[in-house]
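Just data21.txt here, compact mmCIF, C-alpha atoms:
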# COMPACT_ATOMS: atom_id res chain seq x y z
CA MET A 1304 -84.08 37.52 107.79
CA LYS A 1305 -83.66 41.05 106.38
CA ARG A 1306 -81.73 42.11 109.49
CA LEU A 1307 -79.49 39.03 109.23
CA LEU A 1308 -78.77 39.68 105.55
CA PHE A 1309 -77.98 43.31 106.29
CA SER A 1310 -75.62 42.31 109.12
CA LEU A 1311 -73.84 39.86 106.81
CA PHE A 1312 -73.59 42.52 104.11
CA SER A 1313 -72.16 45.01 106.61
CA ALA A 1314 -69.62 42.49 107.83
CA MET A 1315 -68.52 41.77 104.24
CA LEU A 1316 -68.22 45.50 103.55
CA ILE A 1317 -66.11 46.07 106.65
CA PHE A 1318 -63.94 43.08 105.73
CA SER A 1319 -63.32 44.38 102.23
CA PHE A 1320 -62.36 47.83 103.47
CA SER A 1321 -60.18 46.41 106.25
CA PHE A 1322 -58.04 43.96 104.32
CA ALA A 1323 -58.10 45.02 100.67
CA GLU A 1324 -56.42 48.32 99.94
CA ALA A 1325 -58.58 49.94 97.29
CA GLN A 1326 -56.81 51.56 94.39
CA THR A 1327 -57.30 55.29 94.34
CA SER A 1328 -55.95 58.34 92.58
CA LEU A 1329 -57.05 60.62 95.40
CA PRO A 1330 -54.34 62.75 97.01
CA LYS A 1331 -52.99 61.43 100.29
CA ASN A 1332 -52.28 64.89 101.66
CA LEU A 1333 -53.56 68.13 100.19
CA ARG A 1334 -52.37 71.30 101.90
CA THR A 1335 -54.20 74.62 101.73
CA GLY A 1336 -53.44 77.85 103.49
CA PRO A 1337 -52.45 79.55 105.59
CA PHE A 1338 -55.12 82.21 105.12
CA LYS A 1339 -55.98 85.28 107.12
CA ALA A 1340 -59.40 83.90 107.96
CA GLY A 1341 -61.04 81.67 110.54
CA HIS A 1342 -60.09 78.04 110.94
CA ILE A 1343 -61.17 75.34 108.51
CA GLN A 1344 -64.80 74.39 109.13
CA GLY A 1345 -65.73 71.81 106.53
CA VAL A 1346 -65.03 70.32 103.13
CA ALA A 1347 -67.13 69.22 100.15
CA PHE A 1348 -66.12 67.10 97.17
CA ASP A 1349 -67.43 67.35 93.61
CA LYS A 1350 -66.49 63.86 92.45
CA GLU A 1351 -67.48 64.36 88.81
CA ASN A 1352 -65.27 67.41 88.28
CA GLN A 1353 -62.68 66.42 90.91
CA HIS A 1354 -62.99 69.71 92.74
CA LEU A 1355 -62.74 70.32 96.48
CA TYR A 1356 -64.41 73.15 98.38
CA LEU A 1357 -63.21 74.22 101.82
CA SER A 1358 -64.80 76.64 104.27
CA TYR A 1359 -62.51 78.90 106.27
CA THR A 1360 -65.27 80.52 108.39
CA THR A 1361 -65.36 83.77 106.42
CA MET A 1362 -64.18 82.53 103.04
CA LEU A 1363 -64.66 79.58 100.71
CA ILE A 1364 -61.97 78.21 98.44
CA LYS A 1365 -62.20 75.90 95.45
CA CYS A 1366 -59.22 73.80 94.43
CA ASP A 1367 -58.28 70.82 92.31
CA LEU A 1368 -56.85 67.57 93.63
CA GLN A 1369 -53.32 68.89 93.22
CA GLY A 1370 -54.07 71.74 95.63
CA ASN A 1371 -54.19 74.46 92.98
CA ILE A 1372 -56.68 77.13 94.01
CA LEU A 1373 -59.21 77.62 91.22
CA GLY A 1374 -61.23 80.31 92.93
CA SER A 1375 -62.33 81.76 96.24
CA VAL A 1376 -65.25 83.66 97.74
CA THR A 1377 -64.38 86.29 100.35
CA GLY A 1378 -66.04 89.09 102.28
CA LEU A 1379 -68.26 87.03 104.58
CA VAL A 1380 -68.75 88.45 108.06
CA GLY A 1381 -70.95 85.64 109.34
CA HIS A 1382 -69.93 82.11 110.34
CA LEU A 1383 -69.69 79.78 107.34
CA GLY A 1384 -69.63 76.27 108.76
CA ASP A 1385 -69.78 72.79 107.32
CA LEU A 1386 -70.24 72.21 103.56
CA THR A 1387 -71.84 69.62 101.33
CA PHE A 1388 -72.05 69.18 97.56
CA ASN A 1389 -75.29 68.54 95.70
CA PRO A 1390 -74.59 66.53 92.51
CA GLU A 1391 -78.15 67.17 91.31
CA ASP A 1392 -77.56 70.91 90.76
CA GLY A 1393 -73.77 71.19 90.96
CA ARG A 1394 -73.87 73.62 93.88
CA VAL A 1395 -72.22 73.75 97.29
CA TYR A 1396 -74.42 74.18 100.37
CA GLY A 1397 -73.13 75.49 103.68
CA THR A 1398 -74.49 76.69 106.99
CA LEU A 1399 -74.19 80.44 107.51
CA GLU A 1400 -75.15 82.25 110.69
CA TYR A 1401 -75.12 85.80 111.99
CA LYS A 1402 -75.64 86.05 115.74
CA ASP A 1403 -74.96 88.06 118.83
CA ASP A 1404 -72.98 85.51 120.86
CA VAL A 1405 -69.25 85.28 121.47
CA ILE A 1406 -68.64 83.55 118.12
CA GLY A 1407 -70.48 86.19 116.10
CA LYS A 1408 -68.83 89.06 117.91
CA GLY A 1409 -65.43 87.42 117.54
CA ILE A 1410 -65.85 87.13 113.77
CA LEU A 1411 -66.77 90.80 113.44
CA ALA A 1412 -63.77 91.79 115.56
CA ARG A 1413 -61.37 89.64 113.52
CA GLU A 1414 -62.75 91.00 110.24
CA LYS A 1415 -62.51 94.54 111.61
CA SER A 1416 -66.18 95.08 110.85
CA ASN A 1417 -68.38 97.55 112.70
CA LYS A 1418 -71.56 95.90 111.43
CA LYS A 1419 -74.27 94.71 113.78
CA PHE A 1420 -76.75 92.00 112.99
CA SER A 1421 -79.93 90.55 114.32
CA ASN A 1422 -79.74 86.80 114.82
CA LEU A 1423 -80.26 85.12 111.44
CA PHE A 1424 -79.58 81.58 110.23
CA TYR A 1425 -79.16 80.63 106.60
CA ILE A 1426 -78.20 77.95 104.18
CA ALA A 1427 -75.68 79.57 101.82
CA ILE A 1428 -75.71 78.13 98.30
CA PHE A 1429 -72.59 78.62 96.17
CA ASP A 1430 -72.63 78.30 92.39
CA GLY A 1431 -69.47 76.23 92.02
CA LYS A 1432 -69.06 76.56 88.27
CA ASN A 1433 -68.86 80.36 88.57
CA ILE A 1434 -66.19 80.29 91.28
CA ASN A 1435 -63.53 80.71 88.62
CA ARG A 1436 -61.18 83.29 90.11
CA GLN A 1437 -59.86 84.32 93.48
CA ASN A 1438 -61.38 86.89 95.85
CA ILE A 1439 -64.88 86.90 94.40
CA ASP A 1440 -66.91 89.23 96.59
CA ALA A 1441 -69.65 87.26 98.35
CA GLN A 1442 -72.10 90.14 98.00
CA GLU A 1443 -71.20 91.83 94.75
CA ASP A 1444 -70.92 88.84 92.44
CA ASN A 1445 -73.79 86.46 91.76
CA VAL A 1446 -72.26 83.31 93.21
CA VAL A 1447 -74.03 83.14 96.61
CA THR A 1448 -77.71 82.90 97.47
CA THR A 1449 -79.25 82.25 100.87
CA VAL A 1450 -82.34 80.60 102.35
CA HIS A 1451 -83.41 81.47 105.89
CA LEU A 1452 -84.15 78.79 108.52
CA GLN A 1453 -86.98 80.06 110.71
CA GLN A 1454 -87.16 77.03 113.02
CA VAL A 1455 -83.51 77.51 113.97
CA LEU A 1456 -84.13 81.16 114.81
CA ASP A 1457 -87.18 80.21 116.88
CA ASP A 1458 -85.22 77.67 118.94
CA TYR A 1459 -82.22 79.96 119.32
CA SER A 1460 -84.42 82.82 120.50
CA ALA A 1461 -86.60 80.81 122.88
CA THR A 1462 -86.38 80.65 126.66
CA VAL A 1463 -87.46 77.38 128.26
CA GLU A 1464 -88.50 76.46 131.78
CA THR A 1465 -86.97 73.24 133.10
CA PRO A 1466 -86.72 71.60 136.55
CA ALA A 1467 -83.14 72.89 136.66
CA GLY A 1468 -84.26 76.45 135.99
CA SER A 1469 -84.91 78.87 133.17
CA PHE A 1470 -82.55 78.72 130.19
CA LYS A 1471 -82.13 80.59 126.95
CA HIS A 1472 -81.93 78.66 123.67
CA ARG A 1473 -84.36 75.77 123.38
CA LEU A 1474 -82.51 72.41 123.37
CA GLY A 1475 -79.30 74.37 123.88
CA CYS A 1476 -79.48 75.58 120.26
CA SER A 1477 -76.51 77.73 119.29
CA GLY A 1478 -77.41 77.74 115.59
CA VAL A 1479 -76.48 75.33 112.80
CA ASP A 1480 -73.26 73.75 111.60
CA GLY A 1481 -73.22 70.17 110.26
CA ILE A 1482 -74.87 69.70 106.84
CA SER A 1483 -75.26 66.87 104.34
CA PHE A 1484 -77.45 65.47 101.60
CA GLY A 1485 -78.86 62.01 102.11
CA PRO A 1486 -82.07 59.97 102.15
CA LYS A 1487 -84.83 60.32 104.69
CA PHE A 1488 -83.89 58.82 108.04
CA GLY A 1489 -84.84 55.14 108.04
CA LYS A 1490 -84.24 54.74 104.30
CA ASN A 1491 -81.03 54.04 102.43
CA ASN A 1492 -82.04 55.37 99.03
CA GLY A 1493 -84.66 57.46 97.28
CA LYS A 1494 -85.30 61.19 97.45
CA GLN A 1495 -82.41 63.21 98.83
CA PHE A 1496 -83.03 65.62 101.69
CA LEU A 1497 -80.81 68.40 102.95
CA THR A 1498 -80.06 67.53 106.56
CA VAL A 1499 -78.87 70.24 108.93
CA ALA A 1500 -77.59 69.71 112.47
CA TYR A 1501 -77.78 72.15 115.35
CA GLY A 1502 -74.88 73.61 117.15
CA VAL A 1503 -75.51 73.00 120.86
CA TYR A 1504 -74.09 75.01 123.74
CA ASN A 1505 -72.00 73.17 126.32
CA ASP A 1506 -73.81 73.77 129.62
CA HIS A 1507 -73.53 71.26 132.47
CA LYS A 1508 -76.34 72.83 134.47
CA ARG A 1509 -79.09 71.83 132.08
CA THR A 1510 -80.41 68.41 131.02
CA ASP A 1511 -82.15 69.35 127.78
CA ASN A 1512 -78.98 69.67 125.69
CA ASP A 1513 -77.92 66.02 125.43
CA TYR A 1514 -79.35 65.39 121.95
CA GLN A 1515 -78.04 66.24 118.53
CA VAL A 1516 -80.94 67.94 116.73
CA LEU A 1517 -81.25 67.24 113.01
CA HIS A 1518 -83.62 68.87 110.53
CA GLN A 1519 -84.40 67.42 107.11
CA TYR A 1520 -85.54 69.65 104.26
CA ASP A 1521 -86.96 68.87 100.85
CA ILE A 1522 -85.20 71.54 98.78
CA SER A 1523 -86.95 70.80 95.47
CA LYS A 1524 -88.88 74.09 95.68
CA TRP A 1525 -86.32 76.21 97.48
CA HIS A 1526 -85.72 78.37 94.42
CA LYS A 1527 -88.68 80.52 95.53
CA TYR A 1528 -86.86 81.33 98.78
CA GLU A 1529 -83.38 82.00 97.44
CA ARG A 1530 -82.16 85.57 97.66
CA LYS A 1531 -78.84 87.15 96.82
CA LEU A 1532 -76.59 87.43 99.86
CA THR A 1533 -76.64 90.81 101.56
CA GLN A 1534 -74.81 91.68 104.77
CA THR A 1535 -76.52 94.95 105.61
CA GLU A 1536 -79.01 94.34 108.39
CA ALA A 1537 -81.81 96.38 106.86
CA GLN A 1538 -81.61 94.31 103.66
CA MET A 1539 -81.12 90.84 105.14
CA HIS A 1540 -84.08 88.60 104.38
CA THR A 1541 -86.06 85.93 106.21
CA GLN A 1542 -87.36 84.03 103.18
CA GLY A 1543 -87.36 80.31 103.78
CA PRO A 1544 -89.42 77.32 104.90
CA ALA A 1545 -91.55 77.91 107.98
CA ALA A 1546 -90.48 74.54 109.38
CA PRO A 1547 -88.37 71.53 108.42
CA ASP A 1548 -89.95 68.54 106.74
CA GLY A 1549 -88.75 66.42 109.65
CA ILE A 1550 -87.13 67.00 113.06
CA TYR A 1551 -85.05 64.21 114.59
CA TYR A 1552 -82.99 63.65 117.71
CA ALA A 1553 -79.85 61.56 118.29
CA TYR A 1554 -78.92 60.88 121.91
CA THR A 1555 -75.15 61.37 122.24
CA GLY A 1556 -74.77 63.35 125.42
CA ASN A 1557 -73.89 67.00 125.32
CA THR A 1558 -71.09 68.07 122.98
CA ASN A 1559 -69.25 71.35 122.67
CA PHE A 1560 -71.17 73.27 119.96
CA GLY A 1561 -72.98 70.23 118.55
CA VAL A 1562 -72.34 68.54 115.21
CA GLN A 1563 -69.44 70.22 113.48
CA ASN A 1564 -69.37 67.92 110.45
CA LEU A 1565 -72.30 65.79 109.28
CA GLU A 1566 -71.98 63.39 106.35
CA TYR A 1567 -74.16 60.64 104.94
CA ASP A 1568 -72.10 57.60 103.97
CA SER A 1569 -73.92 55.82 101.14
CA GLU A 1570 -71.57 52.82 101.32
CA LEU A 1571 -71.96 52.08 105.03
CA LYS A 1572 -75.50 53.52 105.26
CA VAL A 1573 -74.68 55.66 108.27
CA TRP A 1574 -74.71 59.36 109.11
CA TRP A 1575 -71.33 60.36 110.54
CA MET A 1576 -71.33 63.13 113.15
CA ALA A 1577 -67.95 64.64 114.08
CA VAL A 1578 -68.02 66.90 117.13
CA TYR A 1579 -65.89 68.79 119.58
CA LYS A 1580 -66.22 66.30 122.39
CA GLY A 1581 -68.28 67.26 125.40
CA SER A 1582 -67.25 67.32 129.04
CA LYS A 1583 -70.46 66.56 130.89
CA PRO A 1584 -69.93 64.25 133.87
CA GLY A 1585 -71.49 60.82 133.44
CA MET A 1586 -71.28 60.91 129.63
CA PRO A 1587 -68.75 59.00 127.50
CA ASN A 1588 -67.94 62.21 125.60
CA TYR A 1589 -66.98 60.61 122.29
CA SER A 1590 -65.81 62.82 119.44
CA LEU A 1591 -67.33 60.77 116.60
CA PHE A 1592 -70.78 59.20 116.32
CA ALA A 1593 -72.74 57.45 113.59
CA ILE A 1594 -76.51 57.21 113.11
CA ASP A 1595 -77.93 54.01 111.65
CA GLY A 1596 -79.36 55.18 108.35
CA ASN A 1597 -81.55 52.09 107.99
CA ALA A 1598 -83.21 52.29 111.39
CA LYS A 1599 -86.66 53.86 111.33
CA PRO A 1600 -86.97 56.82 113.73
CA GLN A 1601 -89.01 56.03 116.82
CA ALA A 1602 -91.24 58.47 118.72
CA HIS A 1603 -90.06 58.59 122.33
CA PRO A 1604 -90.06 61.01 125.25
CA LEU A 1605 -86.75 62.89 125.17
CA LYS A 1606 -84.47 62.32 128.15
CA GLY A 1607 -84.13 65.46 130.24
CA VAL A 1608 -86.48 67.49 128.02
CA ASN A 1609 -89.67 68.29 129.91
CA TYR A 1610 -91.19 70.69 127.37
CA ILE A 1611 -91.42 68.30 124.38
CA ASP A 1612 -93.90 65.44 124.70
CA LYS A 1613 -92.22 63.08 122.22
CA GLY A 1614 -89.58 63.38 119.55
CA LYS A 1615 -88.51 61.24 116.60
CA VAL A 1616 -85.34 59.58 117.88
CA VAL A 1617 -82.79 58.16 115.44
CA ALA A 1618 -80.64 55.28 116.69
CA LEU A 1619 -76.88 55.26 116.81
CA GLN A 1620 -75.53 52.45 114.63
CA GLN A 1621 -74.52 49.10 116.11
CA HIS A 1622 -73.27 47.09 113.10
CA ILE A 1623 -69.88 48.79 112.73
CA PRO A 1624 -67.45 47.90 115.56
CA HIS A 1625 -67.55 50.74 118.06
CA GLN A 1626 -67.07 51.69 121.67
CA ALA A 1627 -70.14 51.50 123.88
CA ASP A 1628 -70.89 53.11 127.22
CA PRO A 1629 -72.90 50.64 129.34
CA LYS A 1630 -74.31 53.33 131.63
CA THR A 1631 -75.87 55.55 128.98
CA GLY A 1632 -76.14 53.17 126.03
CA ILE A 1633 -74.31 55.73 123.87
CA SER A 1634 -71.93 54.38 121.22
CA GLY A 1635 -69.19 56.15 119.32
CA TRP A 1636 -65.44 56.58 119.00
CA HIS A 1637 -62.66 58.65 120.51
CA PHE A 1638 -61.24 59.74 117.15
CA GLY A 1639 -58.93 62.72 117.02
CA TYR A 1640 -60.02 64.31 113.75
CA GLY A 1641 -63.09 65.12 111.68
CA SER A 1642 -64.59 68.08 113.49
CA THR A 1643 -62.96 70.55 111.06
CA GLY A 1644 -63.61 68.54 107.90
CA PHE A 1645 -64.89 65.07 107.07
CA TYR A 1646 -66.13 63.85 103.69
CA PRO A 1647 -66.67 60.33 102.25
CA ALA A 1648 -64.69 60.26 99.01
CA GLY A 1649 -65.88 56.81 97.87
CA GLY A 1650 -64.39 53.33 97.83
CA GLY A 1651 -63.94 53.30 101.58
CA HIS A 1652 -61.85 56.48 101.50
CA TYR A 1653 -62.45 59.71 103.41
CA PHE A 1654 -61.04 63.21 103.32
CA ILE A 1655 -60.42 64.24 106.93
CA SER A 1656 -59.05 67.63 107.94
CA HIS A 1657 -55.98 68.23 110.05
CA ASN A 1658 -56.20 71.93 110.75
CA TYR A 1659 -53.18 74.03 111.64
CA ALA A 1660 -52.41 77.60 112.63
CA SER A 1661 -49.34 79.76 112.18
CA LYS A 1662 -48.50 83.43 112.43
CA GLU A 1663 -49.52 83.68 108.75
CA GLY A 1664 -53.04 82.42 109.46
CA GLN A 1665 -55.14 79.26 109.39
CA GLY A 1666 -54.70 76.27 107.14
CA CYS A 1667 -55.57 72.64 106.53
CA ASN A 1668 -53.76 69.45 105.67
CA LEU A 1669 -56.55 67.41 104.12
CA ARG A 1670 -55.50 63.81 104.73
CA LEU A 1671 -56.80 60.69 103.03
CA TYR A 1672 -58.03 57.95 105.36
CA ARG A 1673 -59.36 54.46 104.78
CA PHE A 1674 -62.14 52.85 106.78
CA ILE A 1675 -61.05 49.66 108.59
CA GLY A 1676 -63.95 49.11 110.98
CA ASN A 1677 -61.88 48.94 114.16
CA ALA A 1678 -63.69 49.68 117.43
CA ASP A 1679 -60.76 51.69 118.78
CA ASN A 1680 -59.85 53.42 115.53
CA PRO A 1681 -62.30 53.24 112.61
CA PHE A 1682 -59.97 54.93 110.08
CA ILE A 1683 -56.28 54.71 109.20
CA LEU A 1684 -54.17 57.10 107.17
CA VAL A 1685 -53.40 56.10 103.60
CA GLU A 1686 -49.63 56.33 103.39
Produce structure tokens that represent the structure in this file.
Amino acid sequence: MKRLLFSLFSAMLIFSFSFAEAQTSLPKNLRTGPFKAGHIQGVAFDKENQHLYLSYTTMLIKCDLQGNILGSVTGLVGHLGDLTFNPEDGRVYGTLEYKDDVIGKGILAREKSNKKFSNLFYIAIFDGKNINRQNIDAQEDNVVTTVHLQQVLDDYSATVETPAGSFKHRLGCSGVDGISFGPKFGKNNGKQFLTVAYGVYNDHKRTDNDYQVLHQYDISKWHKYERKLTQTEAQMHTQGPAAPDGIYYAYTGNTNFGVQNLEYDSELKVWWMAVYKGSKPGMPNYSLFAIDGNAKPQAHPLKGVNYIDKGKVVALQQHIPHQADPKTGISGWHFGYGSTGFYPAGGGHYFISHNYASKEGQGCNLRLYRFIGNADNPFILVE
């Protein structure tokens, strides 16, 4: 009976979003940039104060809903990825990594930095209310603190033995990118956890990289770990939780660098995962997935992963119309946007990034979409 009622509720919700245009004062197109920085990585929305935050890889900007820049944080030489806003403390959380792969080296080259770093993975926490002017130095001003993620470092640094051979980076871990606040998997309300998704290397030779890996953290006592951001290797810290409060796996098939944007949708009760689509043969290679937030994680052996006995697997949602691959059982959508910015704005509306590049730098047209629940195209532009 509960499942039937939930299905009916979901159908009513989809119907209302599909056929009744909600009134909104949100901007239909908000343009930022171009900036001499990396491309747009993610967006966060402070609904109470009507402020937007956008990550441009090595800088963060804060603007109002008219596109006026209210402040910016610059001087990062690591990879600032996806963002999320925590209404409980008014701060912006983002994934921040320093590593020795092609991405890390490329950032240092673009920023003309001669620094060298050990591999380190952080959550960067920005004090939004103090981002009140442009070009705030990320290190010199007290607007950024960091918490280290040891489990991510352990998986990134590990070498695993599989039937296909020996491979670096357990589970294909390339670090972290997608991030969002939401309830514990299997619940649709209650205590909010910070959920962080792995980046995953695209490697067709291995079979242990077909899951999205998601860590949930209770951040209620993270103040003891927070340290001011430093970008000098000798001073960079490793203070943080020894392990996540929960580790979960979503079977999507391999994607190119894992979950780029992760967002919990409190209206539809799903976790959206926008990715750079994969290219592995035999996989549907969708670019957008959604986890059923109500489905309780189940302990199962992980397909293609011989070195983990069982993992807590979260199910991809089935109640929103979607595309389904009969061979793999994977569901999702071929949707062209979202990997560089995706954020539920409320009332069935979503901010979705259209990134652009010019000779002046990188920029973003942040477009407003409306959910319509179509299997071929779940969102339409608000014109």
Proximity check stretch 1446-1527 of chain A to stretch 1613-1633 of chain A, 12 Å, nearest pairs one decimal Å, all atoms listed in the file, as CSV:
residue,atom,partner,partner_atom,distance
A:Lys1487,CA,A:Val1617,CA,11.2
A:Phe1488,CA,A:Val1617,CA,7.5
A:Gly1489,CA,A:Val1617,CA,8.3
A:Lys1490,CA,A:Val1617,CA,11.7
A:Asp1513,CA,A:Ile1633,CA,11.0
A:Tyr1514,CA,A:Val1616,CA,9.3
A:Gln1515,CA,A:Val1617,CA,9.9
A:Val1516,CA,A:Val1616,CA,9.5
A:Leu1517,CA,A:Val1617,CA,9.5
A:His1518,CA,A:Lys1615,CA,10.9
Set the distance at 6 Å and use all atoms listed in the file: which residues neighbour stretch 1468-1485 of chain A once local chain neighbours fewer than 5 positions away are removed? I'd like the list as a VMD selection string. chain A and resid 1384 to 1385 1387 1398 1458 to 1463 1495 to 1504 1511 to 1512 1562 to 1567
Atomic separation - atom CA of A:Lys1418 relative to atom CA of A:Tyr1396, Å: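 For atom CA of A:Tyr1396 relative to atom CA of A:Lys1418, the distance reads 24.5 Å.
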In Å to one decimal, how far is atom CA of A:Tyr1425 from atom CA of A:Ala1602? 28.0 Å
Between A:Leu1368, A:Gly1607, A:Tyr1552, A:Thr1361, which one has atoms that come closest to A:Ser1328, using all atoms listed in the file?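 Checking each candidate against A:Ser1328, we get A:Leu1368 as the closest.
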For A:Ser1358, the nearest of the candidates A:Ala1467, A:Ile1522, A:Met1539, A:Leu1399, counting all atoms listed in the file: A:Leu1399
For A:Gly1336, which residue among A:Ile1675, A:Ala1648, A:Ile1372, A:Cys1667 is the nearest when counting only C-alpha atoms? A:Cys1667
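Between A:Asn1445 and the candidates A:Thr1533, A:Ser1656, A:Thr1643, A:Gln1538, the tightest atom-to-atom separation, counting only C-alpha atoms, involves A:Thr1533.
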Between atom CA of A:His1507 and atom CA of A:Pro1584, what is the distance in Å, rounded to a tenth? 8.0 Å
Neighbouring residues of A:Ile1410 were defined as those with any atom within 8 Å, considering all atoms listed in the file; residues of the same chain fewer than 3 positions away were excluded. Please report them as a list of chain:residue names.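 The filter keeps A:Gly1341, A:Val1380, A:Gly1381, A:His1382, A:Ile1406, A:Gly1407, A:Arg1413, A:Glu1414.
In terms of minimum interatomic distance to A:Gly1431, A:Ala1347 ranks closest within A:Leu1452, A:Arg1530, A:Ala1412, A:Ala1347, counting all atoms listed in the file.
Shortest separation to A:Pro1466 among A:Gln1437, A:Thr1327, A:Thr1448, A:Asn1609 occurs at residue A:Asn1609, atoms counted being only C-alpha atoms.
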